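Participant: Just dropping this structure here.
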Amino acid sequence: MTAWRLAALAIALLMLLPLGVAVGALATPTGDIWAHLTEHVLPAVVRNTAGLSVCVAIASAVLGGTAAWLTAMVDFPGRRFFAWALLLPLALPGYVIAFALAGVFDYSGAVANLWQSLFGVRMPRLGAGTASAVCLSLTLYPYVYLLVRQAFVTQGQRCLEVAQSLGMDRLTGFRRVALPMARPWFATGVALVVMETLADFGTVKVFNFDTFTTAIYGAWFGLFSLPAALQLSALLLLFVALAVAGEQFWRSKARYVSRDAAARPRYLVVSRTQALLACTFCVLLFAVAFVVPVLQLVLWAIEMASSEITLRYWSFVRASVSLGVMAAVFVTLLGLLLGYSERRAPGIATTWSVRIATLGYAMPGTVLAVGFFVAVSATGDWLGVTLTGTILVMLLAYAARFLAVGYGPLGTGLQRITPNIDDAARGLGVSGLSLLRRVHWPMLRTGVATAALLVFVDVMKELPITLLTRPFGWDTLAVRIFQLTTEGEWQRAAIPALAIVAAGLLPVLWLHRHSDRH
Amino acid sequence: MLTIHNLYAGYGDTNVLQGLDLELGKGRIGCLLGDSGCGKTTLLRCIAGFECPTDGRILLDGQTLVGDGTHRAPERRPVGLVFQDFALLPHLNAANNVAFGLSHLPADARRQRVADMLELVGLSHYADRLPHQLSGGQQQRVALARSLVREPKLLLLDEPFSSLDAGMRQQLGGDIRAWLKALDMTALFVTHDQQEAFVLADDIGIMQAGRLLQWDTAYRVYHEPACREAADFLGGGAWLPGRFDANSSVNTELGQLRVSGEVTFSHNAAVSVLLRPDDVVHDDDAPLRAEVVSKQFRGAMFLYELRLISGTVLQSLVPSHHDHEVGEHIGIRLDTEHCVVFADHRR
């Protein structure tokens, strides 16, 4: 039993390593570099990061909340289709939608030409901050949409009925009952959106908008100062801590009340104008967040297919896939270890170990990369071997970031195997390894497959960890996209981007299958 | 007070309610009793306004709620609804939940009404608690208070005790009845549990497949069922075949039985006589013998199933010190003055 508890504790400590390294680095003097940072970099970076987070949070709440209400509660043409289609933007990483939309609205692009011929003036250009905020909102609103829609599907109709039975009309009922009821889901979704915004590196880099993550990158690869990168990381973690606190607080308040199984879903009947407005909103959101960028990528890809799909392209694919597979196996094993510890050695120590170990999803990839790099290189120095040129740092950072994603389905699967099932099997003479093989594995199989798939796809899309810590020869599709877009070669980035989008669609379809279909 | 006339409702091709009539007097507590899927919840939702009937009328206090081309919105009906799962607002404490539907009142009046209502339901000390800090029974009382405080003309309760444990049901059932009577409130509730219906209701309606089989006082529904289905659903018992005699009596293998009410059949018609378990009495000295087929211990009583020579099986409630074995033959006699009789369609 103690072995299980120790294992959980070890995983938790491992995942805390980058946090400790970053906080510890606050004490390291960095002299001139720190002075330079505080004077020239930090003010803008803090302002940009905070401003971007606030804007993306508000925009995602409005977009996701509206889409959730419309598809969950209102009867309008296309409701069924949009209910799942509005999840598809989850498949597009921010850095992909960013350069695709940048291409669509480019000076020389078709939209700009149309604008000029219609209005006779040049199309105004969005600032880097606004453009980043728009693109991040378009990829991140599904977090709010998914959570809030679930709340409305399960409780929205009931809320309106409660309000009406107490003498309120629908609008008042929405304002006074449905919205307050959905507040925990809204807040949880927005907190996740803020975490992702703070962690974003690729999107802001496309528009050259300076935030903490780009500053950390700059400190490491521009100023070659790891301590400065770590200190910036520690500051960024302060922002992250706020978002995590918000998320944990509100998630505990979000309790699901299961819908009466017999109740048919009912939709509000609205006027034709209102139905048309609802439909228009969904069409526009779906078009801008998914159809237009994907179409742009496809057009570019067709143009570039012959020159881009070469042996080199396949080497990127191979790197992406093999890293994805290794991370998926590694994370699934860690997740199983955690899950079985919780099962075999329950208690406060194990519970907290699991909670801490699965908190890494909140940590920006850049922070994890710097933290693990420093920790691993120190360990290597102490052991007298070089570890930093291997993929060890990457795998550790991936594990920290995606352990929560992988642990979710595994934990759910393990909870289904109740102690009674174990006892029943033992009573029938099945125990030990044969219990694992004949009872646990069949019941856990789906959870394991799901966990592995989610981690695999997330690693395919991942940019900052891979970019910062990859050993020579491990350029992935995401890294390739980054290199091409920083050189402004958007057309050439289309083919790797489409490959990532295709992989990204897998878990979106999975999510849809497991959410409410109505 | 509440009048329902020839009500039809349904969705798609299914008719959930099929021509239902009902009349509930002022200050009375009515109960719709039926298995799930019989349409009782749909009827409740039609009265509340969440469901629109396809035909028929619902009137409250002489005013049309629905029918004849009008359909009053739920929020404009003087009707309160207590939801099955109480539907308390999780972010408001007990007092604010109760005050929620009173926003049209000035603050002082509102506070007074809420305080009075919480006192009535015995929750004055729990006003500041949030719903999850209250027990199931307390939540039920908050939900009830929230509807009652608006002084509706009619209160509807959807399976009011389904989320409470058995002990709580008895206790709270009696309390709720007392509160409703104190306020002279007219109320209608639905349930599938006979005991709940007897604890709470003055009038009971037995629903089956969208129709009301019988709508009557609780006493009469038990003792004078309107049809075989109603008798089978409520109370149980057995059917004894017999032949109708001209003099308002039935000839059976247990002798000649007097028939209650104004039923007439042609002479020598095949009929079935309803014998409730308390109609068949065990008597060691009785000449009539029946074989014990099975027995169920119920504490103070045994419920015996007894087979007559003809093969007909009767049920009998017997004080539990009369402990007989299965297969034994025991003496029985009937303890009924008048019997309920229906035409026997099976022959």
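Identifiers in this document derive from the order of the structure tokens: chains are assigned A, B, ..., residues are numbered from 1 separately in each chain, and ligands are numbered from 1 in order of occurrence.
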Output as a Markdown table one row per residue of chain A within 9 Å of chain B: the closest atom pair and its distance in Å to one decimal place, counting only C-alpha atoms, sorted by chain and residue number ascending.
Facilitator:
| residue | atom | partner | partner_atom | distance |
| --- | --- | --- | --- | --- |
| A:Arg158 | CA | B:Ala87 | CA | 7.7 |
| A:Cys159 | CA | B:Ala87 | CA | 8.0 |
| A:Glu161 | CA | B:Phe50 | CA | 7.4 |
| A:Val162 | CA | B:Ala87 | CA | 7.0 |
| A:Ala163 | CA | B:Glu75 | CA | 7.8 |
| A:Gln164 | CA | B:Glu75 | CA | 4.4 |
| A:Ser165 | CA | B:Glu75 | CA | 5.6 |
| A:Leu166 | CA | B:Gly101 | CA | 4.9 |
| A:Gly167 | CA | B:Glu75 | CA | 4.0 |
| A:Met168 | CA | B:Glu75 | CA | 5.4 |
| A:Asp169 | CA | B:Glu75 | CA | 6.2 |
| A:Arg170 | CA | B:Glu75 | CA | 8.9 |
| A:Val177 | CA | B:Leu89 | CA | 7.6 |
| A:Pro180 | CA | B:His91 | CA | 7.6 |
| A:Met181 | CA | B:His91 | CA | 7.4 |
Participant: Since we have the selection now, will you write its residues out, keeping N, CA and C atoms, as a JSON list (two decimals), in the first residue's frame?
Facilitator:
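Contents of the output file result-v1.json:
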[["chain", "number", "residue", "atom", "x", "y", "z"],
["A", 158, "ARG", "N", -36.17, 23.63, -17.30],
["A", 158, "ARG", "CA", -36.70, 23.61, -15.95],
["A", 158, "ARG", "C", -36.64, 25.01, -15.34],
["A", 159, "CYS", "N", -35.52, 25.71, -15.60],
["A", 159, "CYS", "CA", -35.38, 27.06, -15.06],
["A", 159, "CYS", "C", -36.52, 27.95, -15.54],
["A", 161, "GLU", "N", -39.43, 27.01, -16.53],
["A", 161, "GLU", "CA", -40.69, 26.57, -15.94],
["A", 161, "GLU", "C", -40.82, 27.04, -14.49],
["A", 162, "VAL", "N", -39.72, 26.94, -13.73],
["A", 162, "VAL", "CA", -39.76, 27.44, -12.35],
["A", 162, "VAL", "C", -40.14, 28.91, -12.37],
["A", 163, "ALA", "N", -39.46, 29.68, -13.22],
["A", 163, "ALA", "CA", -39.72, 31.13, -13.27],
["A", 163, "ALA", "C", -41.17, 31.39, -13.65],
["A", 164, "GLN", "N", -41.67, 30.66, -14.65],
["A", 164, "GLN", "CA", -43.04, 30.91, -15.09],
["A", 164, "GLN", "C", -44.05, 30.51, -14.03],
["A", 165, "SER", "N", -43.77, 29.41, -13.32],
["A", 165, "SER", "CA", -44.72, 29.00, -12.27],
["A", 165, "SER", "C", -44.73, 30.02, -11.14],
["A", 166, "LEU", "N", -43.69, 30.86, -11.08],
["A", 166, "LEU", "CA", -43.66, 31.90, -10.05],
["A", 166, "LEU", "C", -44.02, 33.26, -10.64],
["A", 167, "GLY", "N", -44.62, 33.25, -11.83],
["A", 167, "GLY", "CA", -45.20, 34.47, -12.37],
["A", 167, "GLY", "C", -44.28, 35.35, -13.19],
["A", 168, "MET", "N", -43.18, 34.78, -13.75],
["A", 168, "MET", "CA", -42.29, 35.62, -14.56],
["A", 168, "MET", "C", -42.41, 35.23, -16.03],
["A", 169, "ASP", "N", -42.20, 36.21, -16.93],
["A", 169, "ASP", "CA", -42.20, 35.84, -18.35],
["A", 169, "ASP", "C", -40.84, 35.25, -18.71],
["A", 170, "ARG", "N", -40.70, 34.78, -19.97],
["A", 170, "ARG", "CA", -39.50, 34.06, -20.39],
["A", 170, "ARG", "C", -38.23, 34.89, -20.24],
["A", 177, "VAL", "N", -33.22, 33.45, -13.59],
["A", 177, "VAL", "CA", -33.04, 32.05, -13.18],
["A", 177, "VAL", "C", -31.99, 31.34, -14.02],
["A", 180, "PRO", "N", -28.20, 33.02, -13.78],
["A", 180, "PRO", "CA", -27.53, 32.75, -12.49],
["A", 180, "PRO", "C", -27.25, 31.26, -12.29],
["A", 181, "MET", "N", -28.18, 30.41, -12.77],
["A", 181, "MET", "CA", -27.97, 28.97, -12.63],
["A", 181, "MET", "C", -26.73, 28.54, -13.39]]
Participant: Pick out the residues sitting within 8 Å of Asp200 (chain A), and hand them over as a list in words; count only C-alpha atoms, and ignore anything fewer than 4 positions along from it in its own chain.
Facilitator: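 Counting only the stated atoms, we get Gly94, Glu196, Val204, Thr213 and Pro364 of chain A.
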Participant: Kindly export the residues of the current selection with N, CA and C atoms, as a compact mmCIF listing (two decimals), in the first residue's frame.
Facilitator:
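Contents of the output file out_19.txt:
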# COMPACT_ATOMS: atom_id res chain seq x y z
N GLY A 94 -4.84 27.66 -32.33
CA GLY A 94 -4.85 29.11 -32.53
C GLY A 94 -3.88 29.56 -33.60
N GLU A 196 -5.79 28.99 -21.25
CA GLU A 196 -5.28 28.72 -22.60
C GLU A 196 -4.71 29.99 -23.22
N VAL A 204 -0.08 34.48 -30.79
CA VAL A 204 0.46 35.83 -30.63
C VAL A 204 1.75 35.99 -31.44
N THR A 213 4.62 34.60 -22.79
CA THR A 213 5.21 33.41 -23.40
C THR A 213 6.26 33.79 -24.43
N PRO A 364 1.52 26.98 -18.59
CA PRO A 364 1.86 27.23 -19.99
C PRO A 364 3.03 26.35 -20.42
Participant: Neighbours of region 87-92 of chain A within 7 Å (only C-alpha atoms; same-chain residues fewer than 3 positions away dropped), as a list in words?
Facilitator: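 With the cut-off at 7 Å, the set is Trp84, Val96, Ile97, Thr139, Pro142, Ala289, Phe290, Val501, Gly504, Leu505 and Val508 of chain A.
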Participant: Please provide the set of residues having any atom within 8 Å of Val134 (chain A), restricted to only C-alpha atoms, with same-chain residues fewer than 4 positions apart removed, written as a ChimeraX atom specification.
Facilitator: /A:56,130,138
Participant: What is the distance, in Å and to one decimal place, between CA of Gly12 (chain B) and CA of Gln157 (chain A)?
Facilitator: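 Calculated distance between CA of Gly12 (chain B) and CA of Gln157 (chain A) is 20.1 Å.
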Participant: List the spatial neighbours of Asn251 (chain B) as a PDB file with N, CA and C atoms, in the first residue's frame - criterion: any atom at most 12 Å away, only C-alpha atoms, same-chain residues fewer than 3 positions off excluded.
Facilitator:
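For reference, out_15.pdb as written:
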ATOM      1  N   LEU B 240     -64.800 -13.356  -7.206  1.00  0.00           N
ATOM      2  CA  LEU B 240     -65.532 -14.601  -7.002  1.00  0.00           C
ATOM      3  C   LEU B 240     -66.647 -14.676  -8.035  1.00  0.00           C
ATOM      4  N   PRO B 241     -66.640 -15.718  -8.879  1.00  0.00           N
ATOM      5  CA  PRO B 241     -67.680 -15.804  -9.900  1.00  0.00           C
ATOM      6  C   PRO B 241     -69.040 -16.154  -9.280  1.00  0.00           C
ATOM      7  N   GLY B 242     -70.084 -15.702  -9.918  1.00  0.00           N
ATOM      8  CA  GLY B 242     -71.423 -15.990  -9.412  1.00  0.00           C
ATOM      9  C   GLY B 242     -72.482 -15.749 -10.469  1.00  0.00           C
ATOM     10  N   ARG B 243     -73.740 -16.011 -10.091  1.00  0.00           N
ATOM     11  CA  ARG B 243     -74.888 -15.787 -10.992  1.00  0.00           C
ATOM     12  C   ARG B 243     -75.819 -14.781 -10.343  1.00  0.00           C
ATOM     13  N   PHE B 244     -76.271 -13.792 -11.153  1.00  0.00           N
ATOM     14  CA  PHE B 244     -77.128 -12.752 -10.609  1.00  0.00           C
ATOM     15  C   PHE B 244     -78.538 -13.300 -10.388  1.00  0.00           C
ATOM     16  N   ASP B 245     -79.088 -12.953  -9.208  1.00  0.00           N
ATOM     17  CA  ASP B 245     -80.442 -13.363  -8.877  1.00  0.00           C
ATOM     18  C   ASP B 245     -81.329 -12.126  -8.957  1.00  0.00           C
ATOM     19  N   ALA B 246     -82.569 -12.287  -9.262  1.00  0.00           N
ATOM     20  CA  ALA B 246     -83.466 -11.155  -9.468  1.00  0.00           C
ATOM     21  C   ALA B 246     -83.537 -10.246  -8.247  1.00  0.00           C
ATOM     22  N   ASN B 247     -83.412 -10.781  -7.035  1.00  0.00           N
ATOM     23  CA  ASN B 247     -83.616  -9.982  -5.835  1.00  0.00           C
ATOM     24  C   ASN B 247     -82.341  -9.271  -5.368  1.00  0.00           C
ATOM     25  N   SER B 248     -81.645  -8.578  -6.314  1.00  0.00           N
ATOM     26  CA  SER B 248     -80.440  -7.842  -5.944  1.00  0.00           C
ATOM     27  C   SER B 248     -79.482  -8.686  -5.121  1.00  0.00           C
ATOM     28  N   LEU B 254     -70.049 -19.572  -2.199  1.00  0.00           N
ATOM     29  CA  LEU B 254     -70.022 -19.267  -0.772  1.00  0.00           C
ATOM     30  C   LEU B 254     -71.403 -18.876  -0.268  1.00  0.00           C
ATOM     31  N   GLY B 255     -72.440 -19.065  -1.099  1.00  0.00           N
ATOM     32  CA  GLY B 255     -73.795 -18.740  -0.673  1.00  0.00           C
ATOM     33  C   GLY B 255     -74.315 -17.509  -1.384  1.00  0.00           C
ATOM     34  N   GLN B 256     -75.475 -17.037  -0.911  1.00  0.00           N
ATOM     35  CA  GLN B 256     -76.108 -15.891  -1.548  1.00  0.00           C
ATOM     36  C   GLN B 256     -75.599 -14.595  -0.893  1.00  0.00           C
ATOM     37  N   LEU B 257     -75.129 -13.626  -1.769  1.00  0.00           N
ATOM     38  CA  LEU B 257     -74.562 -12.379  -1.254  1.00  0.00           C
ATOM     39  C   LEU B 257     -75.422 -11.214  -1.690  1.00  0.00           C
ATOM     40  N   ARG B 258     -75.599 -10.219  -0.799  1.00  0.00           N
ATOM     41  CA  ARG B 258     -76.365  -9.018  -1.130  1.00  0.00           C
ATOM     42  C   ARG B 258     -75.505  -8.097  -1.969  1.00  0.00           C
ATOM     43  N   VAL B 259     -76.109  -7.436  -2.943  1.00  0.00           N
ATOM     44  CA  VAL B 259     -75.375  -6.532  -3.828  1.00  0.00           C
ATOM     45  C   VAL B 259     -75.651  -5.097  -3.394  1.00  0.00           C
ATOM     46  N   HIS B 267     -81.518 -11.890 -15.267  1.00  0.00           N
ATOM     47  CA  HIS B 267     -81.529 -13.022 -14.359  1.00  0.00           C
ATOM     48  C   HIS B 267     -80.522 -14.078 -14.803  1.00  0.00           C
ATOM     49  N   ASN B 268     -79.770 -14.599 -13.814  1.00  0.00           N
ATOM     50  CA  ASN B 268     -78.813 -15.667 -14.075  1.00  0.00           C
ATOM     51  C   ASN B 268     -77.600 -15.234 -14.906  1.00  0.00           C
ATOM     52  N   ALA B 269     -77.373 -13.878 -14.982  1.00  0.00           N
ATOM     53  CA  ALA B 269     -76.202 -13.406 -15.728  1.00  0.00           C
ATOM     54  C   ALA B 269     -74.928 -13.743 -14.952  1.00  0.00           C
ATOM     55  N   ALA B 270     -73.840 -14.018 -15.695  1.00  0.00           N
ATOM     56  CA  ALA B 270     -72.561 -14.319 -15.049  1.00  0.00           C
ATOM     57  C   ALA B 270     -71.936 -13.021 -14.537  1.00  0.00           C
ATOM     58  N   VAL B 271     -71.612 -12.970 -13.248  1.00  0.00           N
ATOM     59  CA  VAL B 271     -71.012 -11.770 -12.663  1.00  0.00           C
ATOM     60  C   VAL B 271     -69.796 -12.145 -11.830  1.00  0.00           C
ATOM     61  N   SER B 272     -68.994 -11.095 -11.495  1.00  0.00           N
ATOM     62  CA  SER B 272     -67.867 -11.295 -10.595  1.00  0.00           C
ATOM     63  C   SER B 272     -68.093 -10.440  -9.360  1.00  0.00           C
ATOM     64  N   VAL B 273     -67.844 -11.004  -8.199  1.00  0.00           N
ATOM     65  CA  VAL B 273     -68.017 -10.286  -6.941  1.00  0.00           C
ATOM     66  C   VAL B 273     -66.633  -9.928  -6.410  1.00  0.00           C
ATOM     67  N   CYS B 339     -71.979  -6.400  -1.434  1.00  0.00           N
ATOM     68  CA  CYS B 339     -70.814  -6.666  -2.269  1.00  0.00           C
ATOM     69  C   CYS B 339     -70.852  -5.819  -3.528  1.00  0.00           C
ATOM     70  N   VAL B 341     -70.293  -5.721  -7.467  1.00  0.00           N
ATOM     71  CA  VAL B 341     -70.447  -6.740  -8.495  1.00  0.00           C
ATOM     72  C   VAL B 341     -70.252  -6.119  -9.873  1.00  0.00           C
TER      73      VAL B 341
END
Participant: Applying 9 Å and only C-alpha atoms, which residues near region 196-204 of chain B remain after dropping the ones on its own chain fewer than 3 positions away? List them as number ranges by chain.
Facilitator: B: 24, 28-33, 161, 169-170, 173-174, 176-177, 188-193, 214-219, 221
Participant: Could you please take those selected residues and save C-alpha atoms as a PDB file, in the first residue's frame?
Facilitator:
ATOM      1  CA  LEU B  24     -62.388  19.700  -7.814  1.00  0.00           C
ATOM      2  CA  ARG B  28     -60.351  20.166  -1.368  1.00  0.00           C
ATOM      3  CA  ILE B  29     -57.222  18.139  -1.964  1.00  0.00           C
ATOM      4  CA  GLY B  30     -57.371  15.925  -5.013  1.00  0.00           C
ATOM      5  CA  CYS B  31     -55.022  13.161  -6.045  1.00  0.00           C
ATOM      6  CA  LEU B  32     -54.430  11.608  -9.435  1.00  0.00           C
ATOM      7  CA  LEU B  33     -53.283   8.045  -8.948  1.00  0.00           C
ATOM      8  CA  PHE B 161     -42.829  12.567  -1.929  1.00  0.00           C
ATOM      9  CA  ARG B 169     -43.427  10.604   3.738  1.00  0.00           C
ATOM     10  CA  GLN B 170     -45.909   9.768   6.479  1.00  0.00           C
ATOM     11  CA  GLY B 173     -47.834  14.033   4.306  1.00  0.00           C
ATOM     12  CA  GLY B 174     -49.784  14.733   7.472  1.00  0.00           C
ATOM     13  CA  ILE B 176     -48.776  19.214   4.355  1.00  0.00           C
ATOM     14  CA  ARG B 177     -52.415  18.260   4.655  1.00  0.00           C
ATOM     15  CA  LEU B 188     -54.152  18.647  -6.842  1.00  0.00           C
ATOM     16  CA  PHE B 189     -51.258  16.237  -6.782  1.00  0.00           C
ATOM     17  CA  VAL B 190     -50.153  13.179  -8.722  1.00  0.00           C
ATOM     18  CA  THR B 191     -48.574  10.010  -7.400  1.00  0.00           C
ATOM     19  CA  HIS B 192     -48.321   6.302  -8.091  1.00  0.00           C
ATOM     20  CA  ASP B 193     -48.388   5.381  -4.404  1.00  0.00           C
ATOM     21  CA  GLN B 214     -63.100   6.993 -11.342  1.00  0.00           C
ATOM     22  CA  TRP B 215     -63.085  10.345  -9.567  1.00  0.00           C
ATOM     23  CA  ASP B 216     -64.552  10.205  -6.097  1.00  0.00           C
ATOM     24  CA  THR B 217     -63.882  10.581  -2.385  1.00  0.00           C
ATOM     25  CA  ALA B 218     -61.108   8.392  -1.044  1.00  0.00           C
ATOM     26  CA  TYR B 219     -63.620   6.266   0.912  1.00  0.00           C
ATOM     27  CA  VAL B 221     -62.980   4.869  -4.425  1.00  0.00           C
TER      28      VAL B 221
END
Participant: Please report, as a VMD selection string, each residue of region 247-298 of chain B to which DSSP assigns strand (DSSP E) when run on this structure's backbone.
Facilitator: chain B and resid 249 to 252 255 to 258 270 to 275 280 to 282 289 to 297
Participant: Do you know which residues are at most 7 Å from region 61-66 of chain A counting only C-alpha atoms, after dropping those on the same chain fewer than 3 positions away, and could you put them as an mmCIF file with N, CA and C atoms, in the first residue's frame?
Facilitator:
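So part_12.cif came out as:
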data_model
loop_
_atom_site.group_PDB
_atom_site.id
_atom_site.type_symbol
_atom_site.label_atom_id
_atom_site.label_comp_id
_atom_site.auth_asym_id
_atom_site.auth_seq_id
_atom_site.Cartn_x
_atom_site.Cartn_y
_atom_site.Cartn_z
ATOM 1 N N ALA A 57 -11.548 36.481 -22.758
ATOM 2 C CA ALA A 57 -12.523 35.938 -21.806
ATOM 3 C C ALA A 57 -13.914 36.469 -22.114
ATOM 4 N N ILE A 58 -14.015 37.787 -22.312
ATOM 5 C CA ILE A 58 -15.336 38.383 -22.564
ATOM 6 C C ILE A 58 -15.905 37.868 -23.884
ATOM 7 N N TRP A 69 -27.004 28.904 -25.656
ATOM 8 C CA TRP A 69 -28.424 29.156 -25.418
ATOM 9 C C TRP A 69 -29.235 28.839 -26.671
ATOM 10 N N LEU A 70 -28.748 29.327 -27.813
ATOM 11 C CA LEU A 70 -29.510 29.135 -29.044
ATOM 12 C C LEU A 70 -29.664 27.648 -29.366
ATOM 13 N N TYR A 141 -13.709 29.775 -27.745
ATOM 14 C CA TYR A 141 -15.094 29.864 -27.274
ATOM 15 C C TYR A 141 -15.739 28.478 -27.064
ATOM 16 N N PRO A 142 -15.316 27.400 -27.812
ATOM 17 C CA PRO A 142 -15.977 26.106 -27.563
ATOM 18 C C PRO A 142 -15.891 25.612 -26.118
ATOM 19 N N VAL A 144 -16.349 27.393 -23.420
ATOM 20 C CA VAL A 144 -17.534 27.957 -22.761
ATOM 21 C C VAL A 144 -18.790 27.304 -23.334
ATOM 22 N N TYR A 145 -18.816 27.189 -24.642
ATOM 23 C CA TYR A 145 -19.984 26.625 -25.331
ATOM 24 C C TYR A 145 -20.333 25.238 -24.786
ATOM 25 N N VAL A 148 -21.468 25.424 -20.922
ATOM 26 C CA VAL A 148 -22.717 26.154 -20.682
ATOM 27 C C VAL A 148 -23.874 25.453 -21.385
ATOM 28 N N PHE A 186 -20.352 28.959 -16.744
ATOM 29 C CA PHE A 186 -19.738 30.088 -17.443
ATOM 30 C C PHE A 186 -18.353 30.356 -16.867
ATOM 31 N N VAL A 190 -14.798 30.114 -18.711
ATOM 32 C CA VAL A 190 -13.982 31.306 -18.917
ATOM 33 C C VAL A 190 -12.609 31.126 -18.273
#
Participant: So which bits of region 148-288 of chain A end up alpha helix (DSSP H) when you DSSP the backbone, as number ranges by chain?
Facilitator: A: 148-165, 170-173, 179-199, 202-206, 212-221, 226-253, 272-286
Participant: Given the choices A:Ala228, A:Ala499, A:Ala327, A:Ala399, which gets closest to Gly31 (chain A) if the distance is worked out from only C-alpha atoms?
Facilitator: A:Ala228
Participant: Of the candidates A:Trp510, A:Tyr95, A:Tyr143, A:Phe174, which one gets nearest to Val206 (chain A) if we count only C-alpha atoms?
Facilitator: A:Tyr95
Participant: Using only C-alpha atoms for the distances, tell me which of A:Ala369, A:Leu6, A:Leu146, A:Met363 is nearest to Ser341 (chain A).
Facilitator: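 Of A:Ala369, A:Leu6, A:Leu146, A:Met363, the one nearest Ser341 (chain A), counting only C-alpha atoms, is A:Leu6.
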Participant: How far is it from CA of Leu22 (chain B) to CA of Thr3 (chain B), in Å with one decimal?
Facilitator: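 Straight-line distance from CA of Leu22 (chain B) to CA of Thr3 (chain B) works out to 5.9 Å.
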Participant: My list of candidates is B:Asn97, B:Ala238, B:Ser249, B:Val142. Which is closest to Arg176 (chain A) when distances are computed with only C-alpha atoms?
Facilitator: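 Of the candidates, the smallest distance to Arg176 (chain A) is held by B:Asn97.
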Participant: So what do you get for CA of Trp474 (chain A) versus CA of Phe373 (chain A), distance-wise?
Facilitator: 16.2 Å
